[in-house]
>>> print(open('protein-v4.pdb').read())   # PDB, N, CA and C atoms
ATOM      1  N   MET N1038     142.174  64.340 -96.273
ATOM      2  CA  MET N1038     141.280  65.261 -95.577
ATOM      3  C   MET N1038     142.073  66.463 -95.086
ATOM      4  N   ILE N1039     141.501  67.612 -95.228
ATOM      5  CA  ILE N1039     142.162  68.849 -94.833
ATOM      6  C   ILE N1039     141.857  69.141 -93.373
ATOM      7  N   ASP N1040     142.902  69.435 -92.622
ATOM      8  CA  ASP N1040     142.769  69.815 -91.215
ATOM      9  C   ASP N1040     142.518  71.322 -91.173
ATOM     10  N   THR N1041     141.327  71.720 -90.721
ATOM     11  CA  THR N1041     140.949  73.133 -90.724
ATOM     12  C   THR N1041     141.227  73.843 -89.399
ATOM     13  N   ASN N1042     141.875  73.160 -88.477
ATOM     14  CA  ASN N1042     142.178  73.788 -87.189
ATOM     15  C   ASN N1042     143.452  74.613 -87.300
ATOM     16  N   LEU N1043     143.296  75.926 -87.254
ATOM     17  CA  LEU N1043     144.438  76.838 -87.308
ATOM     18  C   LEU N1043     144.412  77.757 -86.102
ATOM     19  N   GLY N1044     145.585  78.018 -85.559
ATOM     20  CA  GLY N1044     145.715  79.027 -84.527
ATOM     21  C   GLY N1044     145.721  80.403 -85.176
ATOM     22  N   VAL N1045     145.725  81.437 -84.378
ATOM     23  CA  VAL N1045     145.698  82.805 -84.879
ATOM     24  C   VAL N1045     146.915  83.103 -85.752
ATOM     25  N   VAL N1046     148.085  82.684 -85.304
ATOM     26  CA  VAL N1046     149.319  82.949 -86.050
ATOM     27  C   VAL N1046     149.329  82.160 -87.358
ATOM     28  N   GLU N1047     148.896  80.898 -87.309
ATOM     29  CA  GLU N1047     148.832  80.094 -88.529
ATOM     30  C   GLU N1047     147.859  80.703 -89.533
ATOM     31  N   ALA N1048     146.735  81.220 -89.044
ATOM     32  CA  ALA N1048     145.749  81.844 -89.927
ATOM     33  C   ALA N1048     146.320  83.097 -90.589
ATOM     34  N   ARG N1049     147.050  83.884 -89.844
ATOM     35  CA  ARG N1049     147.686  85.095 -90.412
ATOM     36  C   ARG N1049     148.709  84.703 -91.473
ATOM     37  N   PHE N1050     149.488  83.674 -91.201
ATOM     38  CA  PHE N1050     150.473  83.169 -92.149
ATOM     39  C   PHE N1050     149.779  82.653 -93.408
ATOM     40  N   ALA N1051     148.699  81.895 -93.227
ATOM     41  CA  ALA N1051     147.945  81.375 -94.364
ATOM     42  C   ALA N1051     147.418  82.512 -95.227
ATOM     43  N   ASP N1052     146.911  83.567 -94.585
ATOM     44  CA  ASP N1052     146.422  84.720 -95.338
ATOM     45  C   ASP N1052     147.529  85.360 -96.171
ATOM     46  N   LEU N1053     148.732  85.430 -95.616
ATOM     47  CA  LEU N1053     149.860  85.970 -96.376
ATOM     48  C   LEU N1053     150.127  85.145 -97.636
ATOM     49  N   ILE N1054     150.040  83.837 -97.494
ATOM     50  CA  ILE N1054     150.253  82.981 -98.670
ATOM     51  C   ILE N1054     149.139  83.193 -99.680
ATOM     52  N   TRP N1055     147.884  83.149 -99.234
ATOM     53  CA  TRP N1055     146.762  83.324-100.161
ATOM     54  C   TRP N1055     146.834  84.664-100.891
ATOM     55  N   GLN N1056     147.285  85.700-100.205
ATOM     56  CA  GLN N1056     147.369  87.027-100.821
ATOM     57  C   GLN N1056     148.514  87.148-101.819
ATOM     58  N   ASN N1057     149.514  86.295-101.713
ATOM     59  CA  ASN N1057     150.718  86.442-102.530
ATOM     60  C   ASN N1057     151.036  85.241-103.416
ATOM     61  N   GLU N1058     150.208  84.227-103.405
ATOM     62  CA  GLU N1058     150.536  83.003-104.142
ATOM     63  C   GLU N1058     150.403  83.175-105.642
ATOM     64  N   PRO N1059     151.129  82.392-106.408
ATOM     65  CA  PRO N1059     152.218  81.528-105.972
ATOM     66  C   PRO N1059     153.418  82.374-105.556
ATOM     67  N   ILE N1060     154.130  81.904-104.565
ATOM     68  CA  ILE N1060     155.272  82.646-104.030
ATOM     69  C   ILE N1060     156.408  81.667-103.739
ATOM     70  N   HIS N1061     157.597  82.077-104.073
ATOM     71  CA  HIS N1061     158.758  81.236-103.790
ATOM     72  C   HIS N1061     158.989  81.232-102.276
ATOM     73  N   SER N1062     159.383  80.092-101.739
ATOM     74  CA  SER N1062     159.566  79.970-100.289
ATOM     75  C   SER N1062     160.574  80.985 -99.753
ATOM     76  N   ARG N1063     161.578  81.315-100.532
ATOM     77  CA  ARG N1063     162.569  82.323-100.116
ATOM     78  C   ARG N1063     161.889  83.689 -99.965
ATOM     79  N   ASN N1064     161.033  84.036-100.928
ATOM     80  CA  ASN N1064     160.308  85.308-100.856
ATOM     81  C   ASN N1064     159.298  85.299 -99.721
ATOM     82  N   LEU N1065     158.701  84.128 -99.463
ATOM     83  CA  LEU N1065     157.764  83.998 -98.346
ATOM     84  C   LEU N1065     158.481  84.236 -97.021
ATOM     85  N   ALA N1066     159.678  83.697 -96.884
ATOM     86  CA  ALA N1066     160.465  83.915 -95.662
ATOM     87  C   ALA N1066     160.784  85.396 -95.479
ATOM     88  N   GLN N1067     161.098  86.084 -96.558
ATOM     89  CA  GLN N1067     161.374  87.526 -96.481
ATOM     90  C   GLN N1067     160.112  88.296 -96.100
ATOM     91  N   LEU N1068     158.980  87.903 -96.674
ATOM     92  CA  LEU N1068     157.708  88.543 -96.353
ATOM     93  C   LEU N1068     157.347  88.340 -94.881
ATOM     94  N   CYS N1069     157.565  87.130 -94.390
ATOM     95  CA  CYS N1069     157.267  86.835 -92.980
ATOM     96  C   CYS N1069     158.218  87.579 -92.037
ATOM     97  N   ALA N1070     159.441  87.796 -92.471
ATOM     98  CA  ALA N1070     160.380  88.583 -91.659
ATOM     99  C   ALA N1070     159.841  90.004 -91.493
ATOM    100  N   ARG N1071     159.309  90.569 -92.579
ATOM    101  CA  ARG N1071     158.759  91.936 -92.532
ATOM    102  C   ARG N1071     157.436  92.004 -91.785
ATOM    103  N   GLU N1072     156.520  91.099 -92.133
ATOM    104  CA  GLU N1072     155.151  91.185 -91.629
ATOM    105  C   GLU N1072     154.956  90.575 -90.236
ATOM    106  N   LEU N1073     155.697  89.505 -89.944
ATOM    107  CA  LEU N1073     155.486  88.770 -88.701
ATOM    108  C   LEU N1073     156.698  88.774 -87.779
ATOM    109  N   ASN N1074     157.788  89.366 -88.260
ATOM    110  CA  ASN N1074     159.044  89.404 -87.504
ATOM    111  C   ASN N1074     159.569  87.995 -87.218
ATOM    112  N   TRP N1075     159.427  87.098 -88.205
ATOM    113  CA  TRP N1075     159.864  85.714 -88.072
ATOM    114  C   TRP N1075     161.243  85.521 -88.662
ATOM    115  N   LYS N1076     161.969  84.567 -88.113
ATOM    116  CA  LYS N1076     163.215  84.091 -88.707
ATOM    117  C   LYS N1076     162.854  83.066 -89.778
ATOM    118  N   ARG N1077     163.777  82.829 -90.687
ATOM    119  CA  ARG N1077     163.549  81.891 -91.784
ATOM    120  C   ARG N1077     163.112  80.495 -91.301
ATOM    121  N   PRO N1078     163.765  79.910 -90.282
ATOM    122  CA  PRO N1078     163.339  78.565 -89.835
ATOM    123  C   PRO N1078     161.886  78.529 -89.346
ATOM    124  N   THR N1079     161.428  79.600 -88.730
ATOM    125  CA  THR N1079     160.043  79.651 -88.264
ATOM    126  C   THR N1079     159.088  79.575 -89.444
ATOM    127  N   THR N1080     159.379  80.344 -90.479
ATOM    128  CA  THR N1080     158.546  80.321 -91.682
ATOM    129  C   THR N1080     158.483  78.919 -92.265
ATOM    130  N   TYR N1081     159.639  78.280 -92.406
ATOM    131  CA  TYR N1081     159.672  76.951 -93.005
ATOM    132  C   TYR N1081     158.977  75.907 -92.127
ATOM    133  N   ASN N1082     159.089  76.027 -90.816
ATOM    134  CA  ASN N1082     158.416  75.084 -89.913
ATOM    135  C   ASN N1082     156.897  75.218 -90.001
ATOM    136  N   VAL N1083     156.404  76.454 -89.980
ATOM    137  CA  VAL N1083     154.951  76.653 -90.049
ATOM    138  C   VAL N1083     154.446  76.255 -91.432
ATOM    139  N   LEU N1084     155.201  76.571 -92.468
ATOM    140  CA  LEU N1084     154.811  76.153 -93.820
ATOM    141  C   LEU N1084     154.703  74.630 -93.908
ATOM    142  N   ARG N1085     155.676  73.933 -93.358
ATOM    143  CA  ARG N1085     155.646  72.472 -93.376
ATOM    144  C   ARG N1085     154.386  71.959 -92.689
ATOM    145  N   LYS N1086     154.034  72.538 -91.535
ATOM    146  CA  LYS N1086     152.842  72.104 -90.802
ATOM    147  C   LYS N1086     151.572  72.320 -91.620
ATOM    148  N   LEU N1087     151.487  73.462 -92.307
ATOM    149  CA  LEU N1087     150.286  73.744 -93.093
ATOM    150  C   LEU N1087     150.231  72.895 -94.357
ATOM    151  N   CYS N1088     151.389  72.510 -94.862
ATOM    152  CA  CYS N1088     151.418  71.562 -95.982
ATOM    153  C   CYS N1088     150.948  70.190 -95.509
ATOM    154  N   GLU N1089     151.373  69.783 -94.320
ATOM    155  CA  GLU N1089     150.933  68.503 -93.756
ATOM    156  C   GLU N1089     149.430  68.494 -93.492
ATOM    157  N   LYS N1090     148.852  69.654 -93.198
ATOM    158  CA  LYS N1090     147.409  69.758 -92.969
ATOM    159  C   LYS N1090     146.631  69.711 -94.282
ATOM    160  N   GLY N1091     147.345  69.782 -95.406
ATOM    161  CA  GLY N1091     146.704  69.688 -96.716
ATOM    162  C   GLY N1091     146.202  71.005 -97.270
ATOM    163  N   ILE N1092     146.632  72.130 -96.688
ATOM    164  CA  ILE N1092     146.150  73.435 -97.118
ATOM    165  C   ILE N1092     147.024  74.006 -98.237
ATOM    166  N   PHE N1093     148.339  73.816 -98.119
ATOM    167  CA  PHE N1093     149.297  74.344 -99.097
ATOM    168  C   PHE N1093     150.209  73.247 -99.594
ATOM    169  N   ARG N1094     150.932  73.547-100.651
ATOM    170  CA  ARG N1094     151.972  72.650-101.149
ATOM    171  C   ARG N1094     153.211  73.494-101.441
ATOM    172  N   ASN N1095     154.357  72.847-101.305
ATOM    173  CA  ASN N1095     155.643  73.483-101.575
ATOM    174  C   ASN N1095     156.375  72.566-102.551
ATOM    175  N   GLN N1096     156.290  72.897-103.825
ATOM    176  CA  GLN N1096     156.912  72.073-104.851
ATOM    177  C   GLN N1096     158.079  72.831-105.463
ATOM    178  N   GLU N1097     159.267  72.271-105.272
ATOM    179  CA  GLU N1097     160.497  72.873-105.796
ATOM    180  C   GLU N1097     160.634  74.331-105.371
ATOM    181  N   GLY N1098     160.254  74.594-104.117
ATOM    182  CA  GLY N1098     160.406  75.933-103.560
ATOM    183  C   GLY N1098     159.279  76.888-103.886
ATOM    184  N   MET N1099     158.297  76.462-104.687
ATOM    185  CA  MET N1099     157.167  77.320-105.037
ATOM    186  C   MET N1099     155.974  76.941-104.171
ATOM    187  N   VAL N1100     155.489  77.893-103.410
ATOM    188  CA  VAL N1100     154.389  77.663-102.474
ATOM    189  C   VAL N1100     153.078  78.121-103.111
ATOM    190  N   SER N1101     152.080  77.247-103.061
ATOM    191  CA  SER N1101     150.751  77.581-103.574
ATOM    192  C   SER N1101     149.711  76.839-102.738
ATOM    193  N   SER N1102     148.470  77.228-102.901
ATOM    194  CA  SER N1102     147.413  76.618-102.094
ATOM    195  C   SER N1102     146.857  75.370-102.759
ATOM    196  N   VAL N1103     146.436  74.447-101.931
ATOM    197  CA  VAL N1103     145.697  73.273-102.380
ATOM    198  C   VAL N1103     144.224  73.646-102.435
ATOM    199  N   VAL N1104     143.785  74.449-101.466
ATOM    200  CA  VAL N1104     142.419  74.977-101.429
ATOM    201  C   VAL N1104     142.497  76.491-101.300
ATOM    202  N   SER N1105     141.534  77.176-101.894
ATOM    203  CA  SER N1105     141.494  78.637-101.809
ATOM    204  C   SER N1105     141.073  79.064-100.403
ATOM    205  N   ARG N1106     141.256  80.323-100.132
ATOM    206  CA  ARG N1106     140.846  80.880 -98.837
ATOM    207  C   ARG N1106     139.344  80.660 -98.625
ATOM    208  N   THR N1107     138.558  80.932 -99.660
ATOM    209  CA  THR N1107     137.105  80.767 -99.572
ATOM    210  C   THR N1107     136.732  79.318 -99.314
ATOM    211  N   GLU N1108     137.366  78.392-100.033
ATOM    212  CA  GLU N1108     137.097  76.968 -99.821
ATOM    213  C   GLU N1108     137.481  76.546 -98.407
ATOM    214  N   PHE N1109     138.627  77.022 -97.937
ATOM    215  CA  PHE N1109     139.102  76.649 -96.608
ATOM    216  C   PHE N1109     138.116  77.086 -95.532
ATOM    217  N   TYR N1110     137.709  78.372 -95.573
ATOM    218  CA  TYR N1110     136.803  78.846 -94.534
ATOM    219  C   TYR N1110     135.407  78.251 -94.685
ATOM    220  N   GLY N1111     135.025  77.863 -95.901
ATOM    221  CA  GLY N1111     133.780  77.132 -96.100
ATOM    222  C   GLY N1111     133.836  75.769 -95.422
ATOM    223  N   LEU N1112     134.972  75.066 -95.586
ATOM    224  CA  LEU N1112     135.165  73.782 -94.912
ATOM    225  C   LEU N1112     135.165  73.944 -93.403
ATOM    226  N   GLN N1113     135.791  75.008 -92.923
ATOM    227  CA  GLN N1113     135.848  75.263 -91.488
ATOM    228  C   GLN N1113     134.446  75.518 -90.941
ATOM    229  N   GLY N1114     133.645  76.284 -91.675
ATOM    230  CA  GLY N1114     132.271  76.546 -91.258
ATOM    231  C   GLY N1114     131.424  75.290 -91.259
ATOM    232  N   GLN N1115     131.601  74.466 -92.296
ATOM    233  CA  GLN N1115     130.871  73.206 -92.378
ATOM    234  C   GLN N1115     131.228  72.299 -91.202
ATOM    235  N   GLN N1116     132.504  72.233 -90.875
ATOM    236  CA  GLN N1116     132.942  71.408 -89.751
ATOM    237  C   GLN N1116     132.334  71.917 -88.440
ATOM    238  N   PHE N1117     132.274  73.250 -88.285
ATOM    239  CA  PHE N1117     131.681  73.832 -87.082
ATOM    240  C   PHE N1117     130.207  73.447 -86.962
ATOM    241  N   VAL N1118     129.464  73.573 -88.057
ATOM    242  CA  VAL N1118     128.037  73.224 -88.026
ATOM    243  C   VAL N1118     127.859  71.750 -87.707
ATOM    244  N   GLU N1119     128.694  70.909 -88.287
ATOM    245  CA  GLU N1119     128.593  69.472 -88.020
ATOM    246  C   GLU N1119     128.870  69.156 -86.553
ATOM    247  N   GLU N1120     129.886  69.784 -85.983
ATOM    248  CA  GLU N1120     130.271  69.482 -84.603
ATOM    249  C   GLU N1120     129.339  70.130 -83.581
ATOM    250  N   ALA N1121     128.996  71.386 -83.796
ATOM    251  CA  ALA N1121     128.240  72.131 -82.795
ATOM    252  C   ALA N1121     126.721  71.974 -82.922
ATOM    253  N   PHE N1122     126.242  71.686 -84.140
ATOM    254  CA  PHE N1122     124.800  71.631 -84.370
ATOM    255  C   PHE N1122     124.364  70.322 -85.018
ATOM    256  N   GLU N1123     125.183  69.276 -84.830
ATOM    257  CA  GLU N1123     124.889  67.947 -85.367
ATOM    258  C   GLU N1123     124.568  67.987 -86.859
ATOM    259  N   GLY N1124     125.243  68.893 -87.577
ATOM    260  CA  GLY N1124     125.087  68.997 -89.025
ATOM    261  C   GLY N1124     123.853  69.746 -89.480
ATOM    262  N   SER N1125     123.106  70.319 -88.559
ATOM    263  CA  SER N1125     121.851  70.997 -88.913
ATOM    264  C   SER N1125     122.086  72.470 -89.200
ATOM    265  N   LEU N1126     122.022  72.833 -90.473
ATOM    266  CA  LEU N1126     122.162  74.236 -90.845
ATOM    267  C   LEU N1126     121.009  75.072 -90.292
ATOM    268  N   PRO N1127     119.750  74.578 -90.339
ATOM    269  CA  PRO N1127     118.657  75.352 -89.731
ATOM    270  C   PRO N1127     118.888  75.626 -88.238
ATOM    271  N   ALA N1128     119.432  74.656 -87.499
ATOM    272  CA  ALA N1128     119.703  74.877 -86.073
ATOM    273  C   ALA N1128     120.765  75.958 -85.901
ATOM    274  N   PHE N1129     121.781  75.960 -86.771
ATOM    275  CA  PHE N1129     122.811  76.996 -86.712
ATOM    276  C   PHE N1129     122.206  78.368 -86.990
ATOM    277  N   VAL N1130     121.403  78.466 -88.060
ATOM    278  CA  VAL N1130     120.792  79.753 -88.422
ATOM    279  C   VAL N1130     119.872  80.233 -87.308
ATOM    280  N   ALA N1131     119.123  79.318 -86.712
ATOM    281  CA  ALA N1131     118.233  79.694 -85.609
ATOM    282  C   ALA N1131     119.036  80.231 -84.429
ATOM    283  N   ALA N1132     120.136  79.572 -84.099
ATOM    284  CA  ALA N1132     120.972  80.042 -82.990
ATOM    285  C   ALA N1132     121.599  81.386 -83.317
ATOM    286  N   PHE N1133     122.042  81.553 -84.544
ATOM    287  CA  PHE N1133     122.677  82.803 -84.954
ATOM    288  C   PHE N1133     121.681  83.958 -84.931
ATOM    289  N   THR N1134     120.504  83.731 -85.485
ATOM    290  CA  THR N1134     119.518  84.809 -85.567
ATOM    291  C   THR N1134     118.838  85.098 -84.244
ATOM    292  N   ALA N1135     118.997  84.228 -83.258
ATOM    293  CA  ALA N1135     118.454  84.513 -81.930
ATOM    294  C   ALA N1135     119.220  85.662 -81.284
ATOM    295  N   ARG N1136     120.458  85.869 -81.707
ATOM    296  CA  ARG N1136     121.295  86.930 -81.139
ATOM    297  C   ARG N1136     121.440  88.125 -82.070
ATOM    298  N   LYS N1137     121.233  87.911 -83.350
ATOM    299  CA  LYS N1137     121.410  88.981 -84.335
ATOM    300  C   LYS N1137     120.289  88.898 -85.354
ATOM    301  N   LYS N1138     119.523  89.954 -85.463
ATOM    302  CA  LYS N1138     118.436  89.976 -86.436
ATOM    303  C   LYS N1138     119.018  90.198 -87.831
ATOM    304  N   LEU N1139     118.467  89.468 -88.791
ATOM    305  CA  LEU N1139     118.907  89.614 -90.170
ATOM    306  C   LEU N1139     118.173  90.774 -90.834
ATOM    307  N   SER N1140     118.879  91.482 -91.693
ATOM    308  CA  SER N1140     118.248  92.552 -92.461
ATOM    309  C   SER N1140     117.457  91.929 -93.605
ATOM    310  N   GLU N1141     116.594  92.700 -94.214
ATOM    311  CA  GLU N1141     115.824  92.199 -95.363
ATOM    312  C   GLU N1141     116.759  91.762 -96.483
ATOM    313  N   THR N1142     117.826  92.500 -96.698
ATOM    314  CA  THR N1142     118.809  92.141 -97.724
ATOM    315  C   THR N1142     119.444  90.789 -97.424
ATOM    316  N   GLU N1143     119.821  90.566 -96.175
ATOM    317  CA  GLU N1143     120.428  89.288 -95.781
ATOM    318  C   GLU N1143     119.442  88.137 -95.953
ATOM    319  N   ILE N1144     118.186  88.363 -95.615
ATOM    320  CA  ILE N1144     117.151  87.332 -95.781
ATOM    321  C   ILE N1144     117.005  86.981 -97.251
ATOM    322  N   GLN N1145     116.979  87.997 -98.100
ATOM    323  CA  GLN N1145     116.852  87.752 -99.546
ATOM    324  C   GLN N1145     118.063  87.015-100.098
ATOM    325  N   GLU N1146     119.263  87.356 -99.592
ATOM    326  CA  GLU N1146     120.472  86.666-100.037
ATOM    327  C   GLU N1146     120.447  85.203 -99.637
ATOM    328  N   LEU N1147     119.939  84.888 -98.448
ATOM    329  CA  LEU N1147     119.847  83.510 -98.001
ATOM    330  C   LEU N1147     118.845  82.706 -98.830
ATOM    331  N   MET N1148     117.760  83.375 -99.220
ATOM    332  CA  MET N1148     116.753  82.694-100.038
ATOM    333  C   MET N1148     117.307  82.422-101.409
TER     334      MET N1148
END
>>> encode(input="protein-v4.pdb", output="structure tokens")
Amino acid sequence: MIDTNLGVVEARFADLIWQNEPIHSRNLAQLCARELNWKRPTTYNVLRKLCEKGIFRNQEGMVSSVVSRTEFYGLQGQQFVEEAFEGSLPAFVAAFTARKKLSETEIQELM
């Protein structure tokens, strides 16, 4: 089972991987040094944690995703609906649309 709970920093790191995969761990550490101002051990520690969560894999130094960005956020959304709305998508949509009116285009896309 994939753990979809990510902090802000982990999510930014995950996005870097998704945008650049497959990427060698050495190149990922260099990218994180530039983009996140991280030292190499920080990159490897966070990578290990995200691999343990089942999101990425690091095989022979090559980092790639187990699930795509779209799949991951879909799972995260599904988990939210299950936890917050007892799995009821209609209850989620009703709560969402109570605060934000949908455009005709959005209604047609949902249908």
>>> resolve_selection(input="protein-v4.pdb", expression="the PyMOL selection byres ((chain N and resi 1063-1080) around 8)", output="ChimeraX atom specification")
/N:1050,1053-1054,1060-1062,1081-1086,1098-1100
>>> select_by_dssp(input="protein-v4.pdb", residues="chain N", states="strand (DSSP E)", output="PyMOL selection string")
chain N and resi 1060-1061+1093-1096+1099-1102
>>> write_last_selection(input="protein-v4.pdb", atoms="N, CA and C atoms", output="mmCIF file, keeping the file's coordinate frame")
data_model
loop_
_atom_site.group_PDB
_atom_site.id
_atom_site.type_symbol
_atom_site.label_atom_id
_atom_site.label_comp_id
_atom_site.auth_asym_id
_atom_site.auth_seq_id
_atom_site.Cartn_x
_atom_site.Cartn_y
_atom_site.Cartn_z
ATOM 1 N N ILE N 1060 154.130 81.904 -104.565
ATOM 2 C CA ILE N 1060 155.272 82.646 -104.030
ATOM 3 C C ILE N 1060 156.408 81.667 -103.739
ATOM 4 N N HIS N 1061 157.597 82.077 -104.073
ATOM 5 C CA HIS N 1061 158.758 81.236 -103.790
ATOM 6 C C HIS N 1061 158.989 81.232 -102.276
ATOM 7 N N PHE N 1093 148.339 73.816 -98.119
ATOM 8 C CA PHE N 1093 149.297 74.344 -99.097
ATOM 9 C C PHE N 1093 150.209 73.247 -99.594
ATOM 10 N N ARG N 1094 150.932 73.547 -100.651
ATOM 11 C CA ARG N 1094 151.972 72.650 -101.149
ATOM 12 C C ARG N 1094 153.211 73.494 -101.441
ATOM 13 N N ASN N 1095 154.357 72.847 -101.305
ATOM 14 C CA ASN N 1095 155.643 73.483 -101.575
ATOM 15 C C ASN N 1095 156.375 72.566 -102.551
ATOM 16 N N GLN N 1096 156.290 72.897 -103.825
ATOM 17 C CA GLN N 1096 156.912 72.073 -104.851
ATOM 18 C C GLN N 1096 158.079 72.831 -105.463
ATOM 19 N N MET N 1099 158.297 76.462 -104.687
ATOM 20 C CA MET N 1099 157.167 77.320 -105.037
ATOM 21 C C MET N 1099 155.974 76.941 -104.171
ATOM 22 N N VAL N 1100 155.489 77.893 -103.410
ATOM 23 C CA VAL N 1100 154.389 77.663 -102.474
ATOM 24 C C VAL N 1100 153.078 78.121 -103.111
ATOM 25 N N SER N 1101 152.080 77.247 -103.061
ATOM 26 C CA SER N 1101 150.751 77.581 -103.574
ATOM 27 C C SER N 1101 149.711 76.839 -102.738
ATOM 28 N N SER N 1102 148.470 77.228 -102.901
ATOM 29 C CA SER N 1102 147.413 76.618 -102.094
ATOM 30 C C SER N 1102 146.857 75.370 -102.759
#
>>> axis_aligned_box(input="protein-v4.pdb", around="range 1071-1087 of chain N", padding_each_side="4 Å", output="lines of an AutoDock Vina configuration file")
center_x = 157.0
center_y = 82.0
center_z = -90.8
size_x = 21.5
size_y = 28.0
size_z = 15.1
>>> closest_residue(input="protein-v4.pdb", among="N:Ser1105, N:Ile1144, N:Phe1129, N:Gly1091", to="Phe1117 in chain N", atoms="only C-alpha atoms")
N:Phe1129
>>> select_by_dssp(input="protein-v4.pdb", residues="chain N", states="alpha helix (DSSP H)", output="ChimeraX atom specification")
/N:1045-1057,1062-1073,1077-1089,1106-1121,1126-1136,1141-1147
>>> closest_residue(input="protein-v4.pdb", among="N:Gln1116, N:Thr1134, N:Leu1139, N:Cys1088", to="Val1103 in chain N", atoms="only C-alpha atoms")
N:Cys1088
>>> atom_distance(input="protein-v4.pdb", atom1="atom C of Asn1095 in chain N", atom2="atom C of Pro1059 in chain N")
10.7 Å
>>> atom_distance(input="protein-v4.pdb", atom1="atom N of Gln1056 in chain N", atom2="CA of Arg1106 in chain N")
8.2 Å
>>> residues_around(input="protein-v4.pdb", residues="Val1104 in chain N", least_positions_apart="3", cutoff="8 Å", atoms="only N, CA and C atoms", output="ChimeraX atom specification")
/N:1091-1094,1101,1107-1110
>>> closest_residue(input="protein-v4.pdb", among="N:Ser1125, N:Thr1041, N:Gln1096, N:Ser1102", to="Trp1055 in chain N", atoms="all atoms listed in the file")
N:Ser1102
>>> closest_residue(input="protein-v4.pdb", among="N:Pro1127, N:Thr1142, N:Glu1089, N:Glu1119", to="Met1038 in chain N", atoms="only N, CA and C atoms")
N:Glu1089
>>> atom_distance(input="protein-v4.pdb", atom1="atom N of Gln1113 in chain N", atom2="atom C of Asn1057 in chain N")
21.1 Å
>>> decode(input="protein-v4.pdb", residues="range 1072-1088 of chain N", atoms="N, CA and C atoms", output="mmCIF file, in the first residue's frame")
data_model
loop_
_atom_site.group_PDB
_atom_site.id
_atom_site.type_symbol
_atom_site.label_atom_id
_atom_site.label_comp_id
_atom_site.auth_asym_id
_atom_site.auth_seq_id
_atom_site.Cartn_x
_atom_site.Cartn_y
_atom_site.Cartn_z
ATOM 1 N N GLU N 1072 18.068 23.315 -6.453
ATOM 2 C CA GLU N 1072 16.669 23.714 -6.311
ATOM 3 C C GLU N 1072 16.208 23.876 -4.858
ATOM 4 N N LEU N 1073 16.748 23.047 -3.964
ATOM 5 C CA LEU N 1073 16.273 23.028 -2.584
ATOM 6 C C LEU N 1073 17.340 23.414 -1.569
ATOM 7 N N ASN N 1074 18.556 23.633 -2.062
ATOM 8 C CA ASN N 1074 19.693 23.966 -1.198
ATOM 9 C C ASN N 1074 19.976 22.850 -0.188
ATOM 10 N N TRP N 1075 19.844 21.594 -0.641
ATOM 11 C CA TRP N 1075 20.064 20.432 0.209
ATOM 12 C C TRP N 1075 21.469 19.897 0.045
ATOM 13 N N LYS N 1076 21.976 19.295 1.104
ATOM 14 C CA LYS N 1076 23.212 18.521 1.046
ATOM 15 C C LYS N 1076 22.860 17.124 0.541
ATOM 16 N N ARG N 1077 23.853 16.421 0.040
ATOM 17 C CA ARG N 1077 23.647 15.080 -0.503
ATOM 18 C C ARG N 1077 22.960 14.127 0.493
ATOM 19 N N PRO N 1078 23.384 14.080 1.767
ATOM 20 C CA PRO N 1078 22.720 13.153 2.710
ATOM 21 C C PRO N 1078 21.225 13.442 2.882
ATOM 22 N N THR N 1079 20.840 14.701 2.822
ATOM 23 C CA THR N 1079 19.427 15.051 2.944
ATOM 24 C C THR N 1079 18.636 14.461 1.788
ATOM 25 N N THR N 1080 19.166 14.606 0.586
ATOM 26 C CA THR N 1080 18.506 14.044 -0.593
ATOM 27 C C THR N 1080 18.328 12.543 -0.443
ATOM 28 N N TYR N 1081 19.393 11.853 -0.051
ATOM 29 C CA TYR N 1081 19.322 10.402 0.069
ATOM 30 C C TYR N 1081 18.378 9.962 1.191
ATOM 31 N N ASN N 1082 18.330 10.701 2.284
ATOM 32 C CA ASN N 1082 17.418 10.362 3.384
ATOM 33 C C ASN N 1082 15.958 10.520 2.966
ATOM 34 N N VAL N 1083 15.642 11.633 2.309
ATOM 35 C CA VAL N 1083 14.253 11.854 1.889
ATOM 36 C C VAL N 1083 13.887 10.858 0.792
ATOM 37 N N LEU N 1084 14.810 10.584 -0.111
ATOM 38 C CA LEU N 1084 14.550 9.580 -1.151
ATOM 39 C C LEU N 1084 14.245 8.218 -0.526
ATOM 40 N N ARG N 1085 15.030 7.826 0.458
ATOM 41 C CA ARG N 1085 14.802 6.548 1.127
ATOM 42 C C ARG N 1085 13.402 6.508 1.730
ATOM 43 N N LYS N 1086 12.983 7.597 2.386
ATOM 44 C CA LYS N 1086 11.655 7.645 3.003
ATOM 45 C C LYS N 1086 10.548 7.503 1.963
ATOM 46 N N LEU N 1087 10.714 8.166 0.815
ATOM 47 C CA LEU N 1087 9.679 8.093 -0.216
ATOM 48 C C LEU N 1087 9.677 6.739 -0.914
ATOM 49 N N CYS N 1088 10.827 6.091 -0.954
ATOM 50 C CA CYS N 1088 10.874 4.716 -1.465
ATOM 51 C C CYS N 1088 10.160 3.781 -0.495
#
